[in-house]
file protein.txt (compact mmCIF, C-alpha atoms (C1' of nucleotides))
# COMPACT_ATOMS: atom_id res chain seq x y z
CA MET D 18 -20.40 1.09 16.72
CA ALA D 19 -19.79 2.61 13.33
CA TYR D 20 -16.49 2.27 11.60
CA ARG D 21 -14.14 5.22 11.92
CA ASN D 22 -10.54 5.30 10.91
CA THR D 23 -9.63 8.83 11.90
CA PRO D 24 -7.36 8.70 14.93
CA GLU D 25 -8.97 10.33 17.95
CA ASP D 26 -5.79 11.40 19.67
CA GLU D 27 -4.22 14.60 18.53
CA ASN D 28 -1.18 12.93 17.04
CA VAL D 29 -2.87 13.24 13.69
CA ALA D 30 0.00 15.13 12.10
CA TYR D 31 1.77 12.95 9.57
CA ALA D 32 -0.84 10.25 10.13
CA ALA D 33 -0.86 9.66 6.39
CA TYR D 34 2.83 8.83 6.50
CA LEU D 35 2.30 6.28 9.24
CA ARG D 36 -0.66 4.68 7.59
CA GLY D 37 1.27 3.61 4.50
CA GLU D 38 2.24 0.00 4.18
CA GLN D 39 5.07 0.60 1.81
CA LEU D 40 8.67 1.14 2.75
CA LEU D 41 9.29 3.85 0.21
CA GLN D 42 8.90 6.87 2.47
CA PRO D 43 10.53 5.17 5.46
CA GLY D 44 13.37 4.09 3.21
CA LEU D 45 13.91 7.60 1.94
CA LEU D 46 13.95 9.07 5.44
CA LEU D 47 16.23 6.33 6.68
CA LEU D 48 18.76 6.90 3.91
CA LEU D 49 18.66 10.62 4.55
CA ALA D 50 19.23 9.97 8.24
CA ARG D 51 22.59 8.50 7.29
CA ARG D 52 23.70 11.33 5.06
CA PRO D 53 22.29 13.93 2.67
CA MET D 54 21.64 12.59 -0.78
CA HIS D 55 20.02 13.70 -4.00
CA GLY D 56 17.01 12.04 -5.58
CA TYR D 57 18.76 10.02 -8.23
CA GLU D 58 21.19 8.66 -5.67
CA LEU D 59 18.31 7.73 -3.38
CA ILE D 60 16.68 5.83 -6.20
CA GLN D 61 19.87 3.90 -6.86
CA SER D 62 20.26 3.07 -3.19
CA LEU D 63 16.67 1.98 -2.77
CA ASN D 64 17.02 -0.32 -5.74
CA ARG D 65 20.14 -1.87 -4.27
CA LEU D 66 18.59 -2.29 -0.86
CA SER D 67 16.43 -5.24 0.05
CA PHE D 68 13.52 -3.42 1.61
CA HIS D 69 11.91 -2.31 -1.58
CA PRO D 70 10.03 -4.96 -3.55
CA GLU D 71 10.96 -4.08 -7.10
CA GLU D 72 12.64 -1.28 -8.91
CA CYS D 73 10.91 1.85 -7.80
CA ASP D 74 9.40 4.42 -10.09
CA PRO D 75 11.58 7.56 -10.26
CA ALA D 76 8.53 9.77 -10.64
CA THR D 77 7.09 8.40 -7.43
CA VAL D 78 10.34 8.93 -5.57
CA TYR D 79 10.77 12.50 -6.76
CA ARG D 80 7.18 13.33 -5.98
CA ASN D 81 7.44 11.83 -2.53
CA LEU D 82 10.53 13.87 -1.84
CA ARG D 83 8.80 17.08 -2.87
CA ARG D 84 5.81 16.30 -0.73
CA MET D 85 8.04 15.51 2.21
CA GLU D 86 9.72 18.84 1.71
CA ASP D 87 6.31 20.55 1.71
CA ASP D 88 5.66 18.79 4.99
CA ASP D 89 9.01 19.87 6.41
CA LEU D 90 10.35 16.37 6.80
CA VAL D 91 13.29 17.08 4.53
CA ARG D 92 14.88 20.15 3.00
CA SER D 93 16.87 20.56 -0.16
CA GLU D 94 19.37 22.77 -1.86
CA TRP D 95 20.53 22.75 -5.44
CA GLN D 96 24.08 21.66 -5.86
CA ALA D 97 26.14 21.68 -9.03
CA GLY D 98 27.16 18.11 -9.76
CA GLU D 99 30.82 17.30 -10.31
CA SER D 100 29.57 15.74 -13.50
CA GLY D 101 26.14 15.81 -15.06
CA PRO D 102 23.29 18.20 -14.37
CA ALA D 103 22.68 19.96 -11.09
CA ARG D 104 21.29 17.98 -8.21
CA ARG D 105 18.75 18.71 -5.57
CA VAL D 106 20.36 17.45 -2.41
CA TYR D 107 18.01 16.54 0.41
CA HIS D 108 18.71 16.38 4.10
CA LEU D 109 16.55 15.30 7.00
CA THR D 110 14.89 17.79 9.34
CA ALA D 111 14.25 17.24 13.04
CA GLU D 112 10.62 16.58 12.20
CA GLY D 113 11.66 14.02 9.62
CA ASP D 114 13.89 12.34 12.14
CA ARG D 115 11.08 12.12 14.65
CA LEU D 116 8.79 10.69 12.02
CA LEU D 117 11.41 8.14 11.09
CA ASN D 118 11.31 6.87 14.67
CA MET D 119 7.57 6.50 14.46
CA MET D 120 7.87 4.73 11.16
CA ALA D 121 10.31 2.27 12.67
CA ALA D 122 7.90 1.59 15.51
CA ASN D 123 5.26 1.09 12.87
CA ALA D 124 7.49 -1.32 11.01
CA GLN D 125 7.90 -3.37 14.17
CA ARG D 126 4.15 -3.57 14.60
CA ARG D 127 3.79 -4.49 10.98
CA ARG D 128 6.38 -7.23 11.28
CA LYS D 129 4.41 -8.68 14.15
CA GLN D 130 1.28 -8.57 12.05
CA LEU D 131 3.04 -10.43 9.27
CA GLU D 132 4.28 -13.00 11.73
CA ALA D 133 0.79 -13.45 13.12
CA PHE D 134 -0.49 -13.99 9.61
CA LEU D 135 2.25 -16.47 8.77
CA THR D 136 1.74 -18.33 12.03
CA LEU D 137 -1.95 -18.70 11.41
CA PHE D 138 -1.22 -19.73 7.85
CA ALA D 139 1.19 -22.42 8.99
CA ASP D 140 -1.31 -23.60 11.57
CA THR D 141 -4.01 -23.76 8.95
CA ARG D 142 -1.84 -25.80 6.59
CA LEU D 143 -0.55 -28.10 9.32
CA ASP D 144 -3.26 -30.65 9.83
CA ASN D 145 -5.02 -29.84 6.61
CA GLY D 146 -3.23 -30.58 3.36
CA GLY D 147 -5.19 -28.09 1.36
CA VAL D 148 -8.46 -29.90 1.92
CA PRO D 149 -11.13 -27.55 3.23
CA SER D 150 -12.17 -28.53 6.73
CA ASN D 151 -14.23 -27.00 9.44
CA LYS D 152 -11.78 -25.27 11.71
CA PRO D 153 -13.15 -24.10 15.02
CA PRO D 154 -13.38 -20.35 15.61
CA LEU D 155 -10.11 -18.66 16.43
CA ARG D 156 -8.69 -19.36 19.85
CA GLU D 157 -7.19 -16.96 22.32
CA GLU D 158 -3.62 -17.57 21.14
CA GLU D 159 -4.61 -16.00 17.86
CA THR D 160 -6.40 -13.10 19.46
CA LYS D 161 -5.53 -9.48 18.98
CA THR D 162 -2.81 -8.26 21.31
CA GLN D 163 -1.86 -5.16 19.40
CA MET N 22 17.36 0.98 -18.36
CA ALA N 23 13.93 2.50 -18.07
CA TYR N 24 11.67 1.72 -15.19
CA ARG N 25 9.10 -0.99 -15.80
CA ASN N 26 6.99 -2.67 -13.21
CA THR N 27 5.06 -5.09 -15.36
CA PRO N 28 6.27 -8.61 -14.63
CA GLU N 29 7.83 -10.20 -17.69
CA ASP N 30 7.04 -13.78 -16.82
CA GLU N 31 3.61 -15.05 -17.66
CA ASN N 32 2.54 -15.42 -14.06
CA VAL N 33 0.74 -12.14 -14.45
CA ALA N 34 -2.62 -13.54 -13.37
CA TYR N 35 -3.57 -12.21 -9.97
CA ALA N 36 -0.46 -10.03 -10.00
CA ALA N 37 -2.54 -7.22 -8.52
CA TYR N 38 -3.33 -9.40 -5.53
CA LEU N 39 0.33 -10.12 -4.93
CA ARG N 40 1.42 -6.55 -5.33
CA GLY N 41 -0.65 -5.29 -2.41
CA GLU N 42 1.13 -4.53 0.83
CA GLN N 43 -1.93 -4.91 2.99
CA LEU N 44 -3.02 -8.05 4.73
CA LEU N 45 -6.70 -7.58 4.02
CA GLN N 46 -7.02 -9.88 1.04
CA PRO N 47 -4.57 -12.45 2.42
CA GLY N 48 -6.43 -12.35 5.71
CA LEU N 49 -9.75 -12.99 4.03
CA LEU N 50 -8.41 -15.91 2.03
CA LEU N 51 -6.69 -17.35 5.06
CA LEU N 52 -9.83 -17.22 7.17
CA LEU N 53 -11.80 -18.83 4.36
CA ALA N 54 -9.16 -21.54 4.09
CA ARG N 55 -10.12 -22.56 7.64
CA ARG N 56 -13.84 -22.66 7.08
CA PRO N 57 -16.58 -20.94 5.05
CA MET N 58 -17.73 -17.68 6.56
CA HIS N 59 -19.96 -14.78 5.69
CA GLY N 60 -18.78 -11.22 5.28
CA TYR N 61 -19.88 -9.83 8.60
CA GLU N 62 -18.23 -12.71 10.40
CA LEU N 63 -15.03 -12.16 8.43
CA ILE N 64 -15.01 -8.53 9.49
CA GLN N 65 -15.42 -9.48 13.13
CA SER N 66 -12.61 -12.02 12.86
CA LEU N 67 -10.26 -9.66 11.10
CA ASN N 68 -10.85 -7.07 13.78
CA ARG N 69 -10.07 -9.57 16.52
CA LEU N 70 -6.96 -10.82 14.76
CA SER N 71 -3.64 -9.09 15.07
CA PHE N 72 -2.67 -8.90 11.43
CA HIS N 73 -4.86 -6.01 10.54
CA PRO N 74 -3.72 -2.56 11.67
CA GLU N 75 -6.98 -0.97 12.72
CA GLU N 76 -10.63 -1.72 12.46
CA CYS N 77 -11.30 -2.42 8.83
CA ASP N 78 -13.90 -0.70 6.73
CA PRO N 79 -16.87 -3.01 6.09
CA ALA N 80 -17.41 -1.53 2.64
CA THR N 81 -13.85 -2.37 1.68
CA VAL N 82 -14.19 -5.91 2.93
CA TYR N 83 -17.48 -6.54 1.15
CA ARG N 84 -16.16 -5.06 -2.06
CA ASN N 85 -12.99 -7.12 -1.88
CA LEU N 86 -15.05 -10.24 -1.41
CA ARG N 87 -17.15 -9.47 -4.47
CA ARG N 88 -14.08 -8.77 -6.54
CA MET N 89 -12.48 -11.98 -5.39
CA GLU N 90 -15.62 -13.80 -6.41
CA ASP N 91 -15.43 -12.18 -9.84
CA ASP N 92 -11.88 -13.45 -10.03
CA ASP N 93 -12.92 -16.94 -8.97
CA LEU N 94 -10.90 -16.93 -5.77
CA VAL N 95 -13.98 -17.47 -3.65
CA ARG N 96 -17.59 -18.43 -4.24
CA SER N 97 -20.70 -17.66 -2.26
CA GLU N 98 -24.21 -18.78 -1.59
CA TRP N 99 -26.98 -17.03 0.25
CA GLN N 100 -27.91 -18.65 3.49
CA ALA N 101 -30.81 -17.78 5.78
CA GLY N 102 -29.36 -16.78 9.12
CA GLU N 103 -30.64 -18.45 12.28
CA SER N 104 -31.31 -14.91 13.40
CA GLY N 105 -31.07 -11.65 11.53
CA PRO N 106 -30.97 -11.10 7.78
CA ALA N 107 -29.70 -13.60 5.25
CA ARG N 108 -25.97 -14.06 4.86
CA ARG N 109 -23.75 -14.50 1.88
CA VAL N 110 -21.47 -17.34 2.88
CA TYR N 111 -18.13 -17.48 1.10
CA HIS N 112 -15.86 -20.44 0.58
CA LEU N 113 -12.44 -20.70 -0.97
CA THR N 114 -11.87 -22.06 -4.47
CA ALA N 115 -8.85 -24.05 -5.61
CA GLU N 116 -7.59 -20.91 -7.33
CA GLY N 117 -8.00 -18.95 -4.13
CA ASP N 118 -6.10 -21.59 -2.24
CA ARG N 119 -3.23 -21.44 -4.69
CA LEU N 120 -3.17 -17.67 -4.46
CA LEU N 121 -3.11 -17.88 -0.69
CA ASN N 122 0.09 -19.88 -0.94
CA MET N 123 1.64 -17.21 -3.12
CA MET N 124 0.49 -14.53 -0.73
CA ALA N 125 2.15 -16.35 2.14
CA ALA N 126 5.38 -16.53 0.17
CA ASN N 127 4.97 -12.84 -0.47
CA ALA N 128 4.45 -12.18 3.21
CA GLN N 129 7.71 -13.94 3.97
CA ARG N 130 9.52 -11.72 1.52
CA ARG N 131 7.93 -8.63 2.99
CA ARG N 132 8.88 -9.70 6.48
CA LYS N 133 12.47 -9.94 5.32
CA GLN N 134 12.21 -6.50 3.81
CA LEU N 135 10.91 -5.12 7.07
CA GLU N 136 13.72 -6.80 8.93
CA ALA N 137 16.26 -5.33 6.55
CA PHE N 138 14.77 -1.91 7.11
CA LEU N 139 14.75 -2.30 10.87
CA THR N 140 18.30 -3.61 10.86
CA LEU N 141 19.54 -0.67 8.88
CA PHE N 142 17.54 1.63 11.12
CA ALA N 143 19.12 0.19 14.24
CA ASP N 144 22.55 0.40 12.66
CA THR N 145 21.94 4.02 11.76
CA ARG N 146 20.84 4.89 15.28
CA LEU N 147 23.62 2.93 16.93
CA ASP N 148 26.66 5.15 16.77
CA ASN N 149 24.66 8.25 16.00
CA GLY N 150 22.35 9.58 18.66
CA GLY N 151 20.15 11.42 16.24
CA VAL N 152 22.96 13.73 15.15
CA PRO N 153 23.32 13.81 11.38
CA SER N 154 26.64 12.38 10.35
CA ASN N 155 28.24 11.36 7.11
CA LYS N 156 27.70 7.65 6.90
CA PRO N 157 29.65 5.87 4.18
CA PRO N 158 27.74 4.45 1.27
CA LEU N 159 25.97 1.19 1.98
CA ARG N 160 28.15 -1.84 2.37
CA GLU N 161 27.68 -5.32 1.00
CA GLU N 162 25.95 -6.61 4.15
CA GLU N 163 23.13 -4.24 3.37
CA THR N 164 23.00 -5.13 -0.29
CA LYS N 165 20.00 -6.58 -2.06
CA THR N 166 19.71 -10.32 -1.72
CA GLN N 167 16.07 -10.68 -2.69
C1' DT V 29 -43.15 1.58 18.60
C1' DC V 30 -38.48 2.65 18.51
C1' DC V 31 -33.88 1.37 18.85
C1' DT V 32 -30.00 -1.52 18.14
C1' DC V 33 -27.56 -5.25 16.18
C1' DT V 34 -26.88 -7.92 12.24
C1' DA V 35 -25.88 -8.04 7.19
C1' DG V 36 -24.82 -6.31 2.88
C1' DT V 37 -24.54 -2.68 -0.91
C1' DT V 38 -23.70 1.68 -3.62
C1' DG V 39 -22.00 6.36 -4.59
C1' DC V 40 -18.53 9.67 -4.25
C1' DA V 41 -14.34 12.22 -3.29
C1' DT V 42 -9.71 11.65 -2.65
C1' DC V 43 -5.18 10.05 -2.99
C1' DA V 44 -1.21 7.53 -4.59
C1' DT V 45 0.68 4.99 -8.02
C1' DG V 46 2.49 3.56 -12.70
C1' DC V 47 3.71 4.98 -16.88
C1' DA V 48 4.76 8.01 -20.58
C1' DT V 49 6.97 11.92 -21.68
C1' DA V 50 9.60 16.27 -21.50
C1' DT V 51 13.72 18.75 -20.29
C1' DA V 52 18.56 19.73 -19.67
C1' DT V 53 23.46 18.64 -18.86
C1' DC V 54 27.41 16.10 -19.34
C1' DT V 55 30.12 12.09 -21.24
C1' DT V 56 31.16 8.67 -24.50
C1' DT V 57 31.24 6.79 -28.89
C1' DA V 58 30.89 6.55 -33.80
C1' DT T 27 31.26 16.81 -34.68
C1' DA T 28 27.08 14.61 -34.29
C1' DA T 29 24.56 11.15 -32.19
C1' DA T 30 23.76 8.36 -28.37
C1' DG T 31 23.49 7.42 -23.57
C1' DA T 32 23.81 8.23 -18.69
C1' DT T 33 22.62 11.57 -15.22
C1' DA T 34 19.00 14.27 -13.00
C1' DT T 35 14.44 16.16 -12.24
C1' DA T 36 9.70 17.14 -13.34
C1' DT T 37 4.76 17.03 -15.13
C1' DG T 38 0.39 15.05 -17.05
C1' DC T 39 -2.87 11.52 -17.13
C1' DA T 40 -5.40 7.30 -16.37
C1' DT T 41 -6.29 3.94 -13.21
C1' DG T 42 -7.53 1.85 -9.03
C1' DA T 43 -8.21 1.30 -4.15
C1' DT T 44 -9.64 3.29 -0.06
C1' DG T 45 -12.47 5.88 3.50
C1' DC T 46 -16.66 7.48 4.55
C1' DA T 47 -21.44 8.39 4.29
C1' DA T 48 -25.72 6.73 3.27
C1' DC T 49 -29.09 3.31 2.31
C1' DT T 50 -31.84 -1.08 2.57
C1' DA T 51 -33.64 -4.58 5.49
C1' DG T 52 -34.58 -8.37 8.86
C1' DA T 53 -34.74 -9.77 13.73
C1' DG T 54 -34.96 -9.10 18.61
C1' DG T 55 -35.39 -6.40 22.79
C1' DA T 56 -37.04 -2.36 25.74
call {"tool": "encode", "arguments": {"input": "protein.txt", "output": "structure tokens"}}
result
Amino acid sequence: MAYRNTPEDENVAYAAYLRGEQLLQPGLLLLLARRPMHGYELIQSLNRLSFHPEECDPATVYRNLRRMEDDDLVRSEWQAGESGPARRVYHLTAEGDRLLNMMAANAQRRRKQLEAFLTLFADTRLDNGGVPSNKPPLREEETKTQ
Amino acid sequence: MAYRNTPEDENVAYAAYLRGEQLLQPGLLLLLARRPMHGYELIQSLNRLSFHPEECDPATVYRNLRRMEDDDLVRSEWQAGESGPARRVYHLTAEGDRLLNMMAANAQRRRKQLEAFLTLFADTRLDNGGVPSNKPPLREEETKTQ
DNA sequence: TCCTCTAGTTGCATCATGCATATATCTTTA
DNA sequence: TAAAGATATATGCATGATGCAACTAGAGGA
């Protein structure tokens, strides 16, 4: 059977958002689920939070926000800042909220995948102090249950 | 302070491998840490294992293996198969083994990031049944501890 | 003979990222 | 007052990885 990655079910909308391994888009939607924020503020928050690896690129954040707005996951209005230049304040749409739920489900799956990897890693290191050995093929406990 | 992603410390070697969010490369190295395998077999194993999201693209796997060989993480020899065409059998190098350790450490960090995200998600959904509300700014419990 | 499974490779389009850079406003400091 | 710096958003470009199609090729079965 040939390899195909395109999902067969018709839940293809936003598939690209669910495919991503990063927590940038989920993080943005999650923050916006708490309260409306503007881009610069979102960047600050993401950098303070522990679910983004390093400091995130502002350009990437802004571009992601615009794309999400194109896809009707968020909407924005310009708002004069109390100080500094005007801000584009984003808020979540119903669609965005639904997608956030799916992203969270995704994150759970992903966490399980990471745990499976780490378990197998620990198992591999257990009886084998770095010396290559001939492990038997994977057993059922390590079998796909996704 | 301007955004920069380039790591300042001199552990830059293989940084690209540690930056990736996917478990493809870690999975390959982990399987090879158990015993030498050829590409097709690795693909089968990855597809049976639970740490890869969907069926993985053979082309991507093969190309990753070649790149890893270029980077001296694995080495390969051709081996006549008992049946079917010849196989390129890969085994892990010392470098690859060291990188695998770093990838595992990375995976731990990412798991924590996912947990932080899921925790904040649960907290956000707790007192707020989907209705947008004005959450206060993030508190110290949600602050970066990476 | 034809088909399928096994096994590996290459080309190509696409997409997202990282980084540099540009812009504009407001505040602070020299 | 002028320069510098923080705030705030946006665009251009190179790079790199992926997804998919297509191709080669051997071995075994119908």
call {"tool": "closest_atom_pairs", "arguments": {"input": "protein.txt", "of": "chain V", "to": "chain D", "cutoff": "9 Å", "atoms": "all atoms listed in the file", "output": "tab-separated table"}}
result
residue	atom	partner	partner_atom	distance
V:DA44	C1'	D:Thr77	CA	8.8
V:DT45	C1'	D:Thr77	CA	7.3
V:DG46	C1'	D:Asp74	CA	7.4
V:DC47	C1'	D:Asp74	CA	8.9
V:DA52	C1'	D:Pro102	CA	7.3
V:DT53	C1'	D:Pro102	CA	4.5
V:DC54	C1'	D:Gly101	CA	4.5
V:DT55	C1'	D:Gly101	CA	8.2
call {"tool": "residues_around", "arguments": {"input": "protein.txt", "residues": "His55 of chain D", "least_positions_apart": "4", "cutoff": "10 Å", "atoms": "all atoms listed in the file", "output": "list of chain:residue names"}}
result
D:Leu49, D:Leu59, D:Ile60, D:Tyr79, D:Leu82, D:Ser93, D:Glu94, D:Trp95, D:Gln96, D:Ala103, D:Arg104, D:Arg105, D:Val106, D:Tyr107, D:His108, T:DA34
call {"tool": "atom_distance", "arguments": {"input": "protein.txt", "atom1": "atom CA of Thr140 of chain N", "atom2": "atom CA of Gly113 of chain D"}}
result
18.9 Å
call {"tool": "residues_around", "arguments": {"input": "protein.txt", "residues": "DA48 of chain T", "least_positions_apart": "4", "cutoff": "12 Å", "atoms": "all atoms listed in the file", "output": "PyMOL selection string"}}
result
(chain N and resi 80) or (chain V and resi 37-40)
call {"tool": "write_last_selection", "arguments": {"input": "protein.txt", "atoms": "C-alpha atoms (C1' of nucleotides)", "output": "short mmCIF file (atom, residue, chain, number, x, y, z; two decimals), in the frame of the given file"}}
result
data_model
loop_
_atom_site.label_atom_id
_atom_site.label_comp_id
_atom_site.auth_asym_id
_atom_site.auth_seq_id
_atom_site.Cartn_x
_atom_site.Cartn_y
_atom_site.Cartn_z
CA ALA N 80 -17.41 -1.53 2.64
"C1'" DT V 37 -24.54 -2.68 -0.91
"C1'" DT V 38 -23.70 1.68 -3.62
"C1'" DG V 39 -22.00 6.36 -4.59
"C1'" DC V 40 -18.53 9.67 -4.25
#
call {"tool": "atom_distance", "arguments": {"input": "protein.txt", "atom1": "atom CA of Met124 of chain N", "atom2": "atom C1' of DC46 of chain T"}}
result
28.4 Å
call {"tool": "axis_aligned_box", "arguments": {"input": "protein.txt", "around": "segment 39-55 of chain V", "padding_each_side": "5 Å", "output": "lines of an AutoDock Vina configuration file"}}
result
center_x = 4.1
center_y = 11.6
center_z = -12.2
size_x = 62.1
size_y = 26.2
size_z = 29.0
call {"tool": "interface_residues", "arguments": {"input": "protein.txt", "of": "chain T", "to": "chain N", "cutoff": "9 Å", "atoms": "all atoms listed in the file", "output": "MDAnalysis selection string"}}
result
chainID T and resid 43:46 51:54
call {"tool": "closest_residue", "arguments": {"input": "protein.txt", "among": "D:Leu66, D:Leu35, D:Leu137, D:Met119", "to": "chain N", "atoms": "all atoms listed in the file"}}
result
D:Leu66
call {"tool": "atom_distance", "arguments": {"input": "protein.txt", "atom1": "atom CA of Asp91 of chain N", "atom2": "atom CA of Ala125 of chain N"}}
result
21.7 Å
call {"tool": "closest_residue", "arguments": {"input": "protein.txt", "among": "N:Leu120, N:Arg88, N:Lys133, N:Tyr35", "to": "chain D", "atoms": "all atoms listed in the file"}}
result
N:Lys133
call {"tool": "residues_near_point", "arguments": {"input": "protein.txt", "point": "(13.2, -9.9, -1.5)", "cutoff": "12 Å", "atoms": "only C-alpha atoms (C1' of nucleotides)", "output": "list in words"}}
result
Asn64, Arg65, Leu66, Ser67, Phe68, His69, Pro70, Glu71 and Glu72 of chain D; Ala126, Asn127, Ala128, Gln129, Arg130, Arg131, Arg132, Lys133, Gln134, Leu135, Glu136, Ala137, Phe138, Thr164, Lys165, Thr166 and Gln167 of chain N
call {"tool": "closest_residue", "arguments": {"input": "protein.txt", "among": "N:Asp92, N:Leu50, N:Tyr61, N:Arg55", "to": "DC33 of chain V", "atoms": "all atoms listed in the file"}}
result
N:Tyr61
call {"tool": "decode", "arguments": {"input": "protein.txt", "residues": "segment 126-142 of chain D", "atoms": "N, CA and C atoms", "output": "PDB file, in the first residue's frame"}}
result
ATOM      1  N   ARG D 126      -2.103  13.485  22.546  1.00  0.00           N
ATOM      2  CA  ARG D 126      -1.570  12.387  21.745  1.00  0.00           C
ATOM      3  C   ARG D 126      -0.052  12.505  21.642  1.00  0.00           C
ATOM      4  N   ARG D 127       0.370  13.724  21.419  1.00  0.00           N
ATOM      5  CA  ARG D 127       1.792  13.978  21.234  1.00  0.00           C
ATOM      6  C   ARG D 127       2.570  13.674  22.516  1.00  0.00           C
ATOM      7  N   ARG D 128       1.953  14.014  23.642  1.00  0.00           N
ATOM      8  CA  ARG D 128       2.612  13.730  24.909  1.00  0.00           C
ATOM      9  C   ARG D 128       2.769  12.232  25.086  1.00  0.00           C
ATOM     10  N   LYS D 129       1.754  11.498  24.677  1.00  0.00           N
ATOM     11  CA  LYS D 129       1.849  10.036  24.764  1.00  0.00           C
ATOM     12  C   LYS D 129       2.945   9.513  23.855  1.00  0.00           C
ATOM     13  N   GLN D 130       3.064  10.108  22.690  1.00  0.00           N
ATOM     14  CA  GLN D 130       4.128   9.694  21.776  1.00  0.00           C
ATOM     15  C   GLN D 130       5.492   9.931  22.404  1.00  0.00           C
ATOM     16  N   LEU D 131       5.641  11.106  23.009  1.00  0.00           N
ATOM     17  CA  LEU D 131       6.911  11.409  23.658  1.00  0.00           C
ATOM     18  C   LEU D 131       7.197  10.421  24.772  1.00  0.00           C
ATOM     19  N   GLU D 132       6.165  10.087  25.516  1.00  0.00           N
ATOM     20  CA  GLU D 132       6.356   9.148  26.615  1.00  0.00           C
ATOM     21  C   GLU D 132       6.740   7.774  26.090  1.00  0.00           C
ATOM     22  N   ALA D 133       6.108   7.375  24.988  1.00  0.00           N
ATOM     23  CA  ALA D 133       6.454   6.092  24.381  1.00  0.00           C
ATOM     24  C   ALA D 133       7.920   6.091  23.965  1.00  0.00           C
ATOM     25  N   PHE D 134       8.334   7.195  23.354  1.00  0.00           N
ATOM     26  CA  PHE D 134       9.731   7.302  22.941  1.00  0.00           C
ATOM     27  C   PHE D 134      10.663   7.214  24.146  1.00  0.00           C
ATOM     28  N   LEU D 135      10.338   7.971  25.188  1.00  0.00           N
ATOM     29  CA  LEU D 135      11.211   8.003  26.356  1.00  0.00           C
ATOM     30  C   LEU D 135      11.231   6.657  27.065  1.00  0.00           C
ATOM     31  N   THR D 136      10.106   5.981  27.073  1.00  0.00           N
ATOM     32  CA  THR D 136      10.055   4.655  27.687  1.00  0.00           C
ATOM     33  C   THR D 136      10.953   3.680  26.938  1.00  0.00           C
ATOM     34  N   LEU D 137      10.816   3.705  25.632  1.00  0.00           N
ATOM     35  CA  LEU D 137      11.650   2.806  24.825  1.00  0.00           C
ATOM     36  C   LEU D 137      13.128   3.168  24.970  1.00  0.00           C
ATOM     37  N   PHE D 138      13.387   4.452  25.067  1.00  0.00           N
ATOM     38  CA  PHE D 138      14.765   4.900  25.260  1.00  0.00           C
ATOM     39  C   PHE D 138      15.322   4.360  26.581  1.00  0.00           C
ATOM     40  N   ALA D 139      14.546   4.528  27.637  1.00  0.00           N
ATOM     41  CA  ALA D 139      14.986   4.047  28.948  1.00  0.00           C
ATOM     42  C   ALA D 139      15.206   2.543  28.911  1.00  0.00           C
ATOM     43  N   ASP D 140      14.279   1.843  28.290  1.00  0.00           N
ATOM     44  CA  ASP D 140      14.394   0.390  28.165  1.00  0.00           C
ATOM     45  C   ASP D 140      15.658  -0.001  27.418  1.00  0.00           C
ATOM     46  N   THR D 141      15.947   0.767  26.372  1.00  0.00           N
ATOM     47  CA  THR D 141      17.120   0.468  25.560  1.00  0.00           C
ATOM     48  C   THR D 141      18.410   0.687  26.349  1.00  0.00           C
ATOM     49  N   ARG D 142      18.402   1.713  27.186  1.00  0.00           N
ATOM     50  CA  ARG D 142      19.607   2.040  27.954  1.00  0.00           C
ATOM     51  C   ARG D 142      19.767   1.156  29.177  1.00  0.00           C
TER      52      ARG D 142
END
